[in-house]
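As structure tokens, the structure follows; a few thoughts come after it.
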Amino acid sequence: MTANISNQETYHDEVVKHLIQFSIIWAVLAMFIGVYLAAELIWPRLDFGQFWLSFGRIRPLHTNGIIFGFGVSALMATAFYSVQRTSNIPLFMPRLASFCCFGWQFVVFTGALSLLAGWTSAKEYAELEWPFDLAITIIWICFGIVFFGTIANRRIKPIYVSNWFYGGLIIVISVLHIVNNLAIPISIDKSYSVYAGAQDAIVQWWYGHNAVGFLLTGGFLGMVYYFLPKLANRPIWSYRLSVVSFWAFTYIYIWAGPHHLHYSAIPDWVQSLGMVMSIILLAPSWATMINGIMTVSTAWKKLSIDPALKFIVLSLAFYGLATFEGPMLAIRSVNIVSHFTEWTIGHVHSGALGWNAMVTYGTFYFLVPRMVGTDLYSIKLANIHFWLALAGTMLYILSMWGAGISQGLLWLSIDDLGELSYSFTDVLTNMVPYYSLRLIGGLLFLFGTILMAYNLFKTMHGRTVVLVSPPEVLNTNRETTSNIASRLQIEART
Amino acid sequence: MENTTRIVISFLYLNALVIGYAATVFIAEWMAQTYGNDKIKNRSLFAFFTVVLIPLIIASFAHLYPNILFNVLVLIPGLIWSITLLYKGLPIVLQIPPERGMLMSSALLAWLLVAVVSLLGISVGLWTYGIGPRLGI
């Protein structure tokens with residue numbers, strides 16, 4: 001692991017290990033809460049009459065736990081790991097990086113408690129109240145300082161494409177978070193947004209959709225662009241395509257938010273703009289998928305021994321599905337039936353389970369054994385996890401497709417007098433078989449995640465992080481992008 | 001919904017499924033070149049996908065009894081069986097290593113999911129324009 005040691009400095013990987021551990025813990029906790037929510041929809045009495053166990057309080061706990069606990073911890077870990085290696089230099093201000101790691105966990109944990117206590121700003125995916133918003137802003141800026149500081153000090157001239165995606169994540173999320181959460185506090189636990197009415201809705205979904213775009217898509221694409229070539233042991237299929245799709249992705253995504261507000265009080269032209277931009281978004285999304293699939297298309301030998309690559313390949317398949325389904329649901333004539341139904345939930349989970357979770361699992365299976373200098377504790381368990389994850393995701397998506405279509409049809413059905421044919425209760429009763437199937441899918445996925453947690457903690461148990469020094473690079477100013485790709489290959493072999 | 005409309009919709013869906021089946025064969029034939037077998041005949045792939053789909057086709061008879069829970073209970077094992085046949089059978093038919101077969105099966109799964117969701121989207125679009133069930137739109 002310590003090839004070409006040129007001096008005493010080593011990469012700061014301890015913080016990466018902590019972030020991975022936190023991310024796994026959050027994954028298990030937040031997915032368990034998701035499964036509990038799925039059960040509550042079948043048996044509403046599961047809240048036992050407790051406010052803090054009610055659907056309204058634990059649903060944001062599930063989404064915040066997954067996005068900010070599991071997702072952001074994984075993104076911070078992989079960003080810190082890869083930026084050092086692609087810049088050929090240890091992290092800038094490593095203590096600040098540790099502050100980001102532990103500070104972030106503290107904010108997410110206390111934020112979770114505040115959600116249980118009923119504190120909420122009532123903005124989806126931005127429910128945390130103003131004290132937490134301020135804390136998130138501070139930590140996010142520190143994250144930016146560490147990341148961009150490392151890039152500024154880099155010993156290699158080109159900035160590898162994964163860093164563009166991670167950089168985009170840091171900049172855009174800070175802008176979205178600050179603008180959307182501007183509010184006037186009236187007490188420690190309550191504030192009111194500075195926006196009102198339709199304006200508030202537009203700002204909220206500009207935030208909401210781009211949180212999906214730049215965090216759950218862009219950030220994780222950064223992960224793919226660094227770890228996929230390393231796993232496949234070859235450079236990215238088309239570097240040019242990756243850079244073109246980055247800029248296309250960045251410019252188009254930011255306009256797509258209004259598709260969350262079809263047939264609402266916002267102007268028609270804004271809805272149409274959101275719809276058109278969403279459809280165009282398919283092009284850069286699929287360009288990335290093709291780039292990824294072509295990169296692994298000749299990595300046959302690695303597949304038999306590496307469960308990590310299996311996860312990442314499958315994640316690209318679900319990425320393809322989710323990025324096709326999204327633009328389709330943004331078409332207004334489809335959205336009129338699909339909006340507010342379970343189809344949307346299915347769409348979100350084809351992204352969250354099939355894409356985000358699987359690409360992260362693949363990355364962790366790759367990263368953890370290498371970081372502690374050993375083999376994975378059990379490849380068999382990882383393979384079982386793979387099938388559980390695939391089955392769980394498929395059951396989830398299919399059940400929600402069925403539920404969404406039924407819901408849309410039943411809600412809109414009218415009789416000969418033009419009256420609605422079905423009451424709210426009729427429709428809800430009809431959902432129970434689908435909800436049961438979703439619960440089974442969720443349980444399978446959660447069980448797979450628990451297996452991974454066990455497998456990775458056994459791999460890490462009693463071992464310290466292997467110290468790795470930046471390799472010596474001659475003619476630093478002349479190193480080209482293809483050189484970086486070749487060097488990453490060499491590192492992957494060591 | 002009138003009976004004639006029901007028959008027309010059923011006929012169109014049957015057509016869509018047959019087109020999807022044929023398209024899957026041709027896409028698999030095209031993909032096979034990338035995954036190490038450029039000599040496979042589409043006749044063999046037609047036979048292979050027929051075998052893969054048999055559990056799902058048999059399970060689909062459950063639709064004759066329109067109860068969602070019953071349908072779900074019958075269709076899901078059928079689906080799992082079909083997916084298992086796809087993953088296990090593809091490398092055998094194409095005579096490629098199982099690891100490569102796994103990769104191609106995942107790519108085909110992506111295509112199938114996109115095809116299914118497209119069918120859903122097209123259906124919903126048609127309903128919105130008044131073709132199909134009467135909706136209060």
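We label chains A, B, ... in the order they appear in the structure tokens, count residues from 1 in each chain, and number ligands from 1 in the order shown.
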Show me, as a PyMOL selection string, the residues of chain B whose atoms get within 10 Å of chain A, using only C-alpha atoms for the distance check. chain B and resi 34-36+67-73+76+79-80+83+97-118+120-129+133-137
Neighbours of Ile58 of chain B within 10 Å (only C-alpha atoms; same-chain residues fewer than 3 positions away dropped), as a list in words?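 Contacts, in chain order: Leu53, Ile54, Pro55, Phe61, Ala62, Val74, Leu75 and Gly78 of chain B.
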Closest to Phe26 of chain B among B:Phe46, B:Tyr13, B:Lys39, B:Ile57, using only C-alpha atoms?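 Of B:Phe46, B:Tyr13, B:Lys39, B:Ile57, the one nearest Phe26 of chain B is B:Phe46, counting only C-alpha atoms.
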Between atom CA of Ser272 of chain A and atom CA of Trp255 of chain A, what is the distance in Å, rounded to a tenth?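 It comes out at 10.7 Å.
Excluding Phe227 of chain A and any residue on its chain fewer than 4 positions from it, the residues at most 8 Å away by only C-alpha atoms are A:Met223, A:Leu231, A:Thr363.
Taking atom CA of Ile312 of chain A and atom CA of Leu228 of chain A as endpoints, the distance between them is 7.4 Å.
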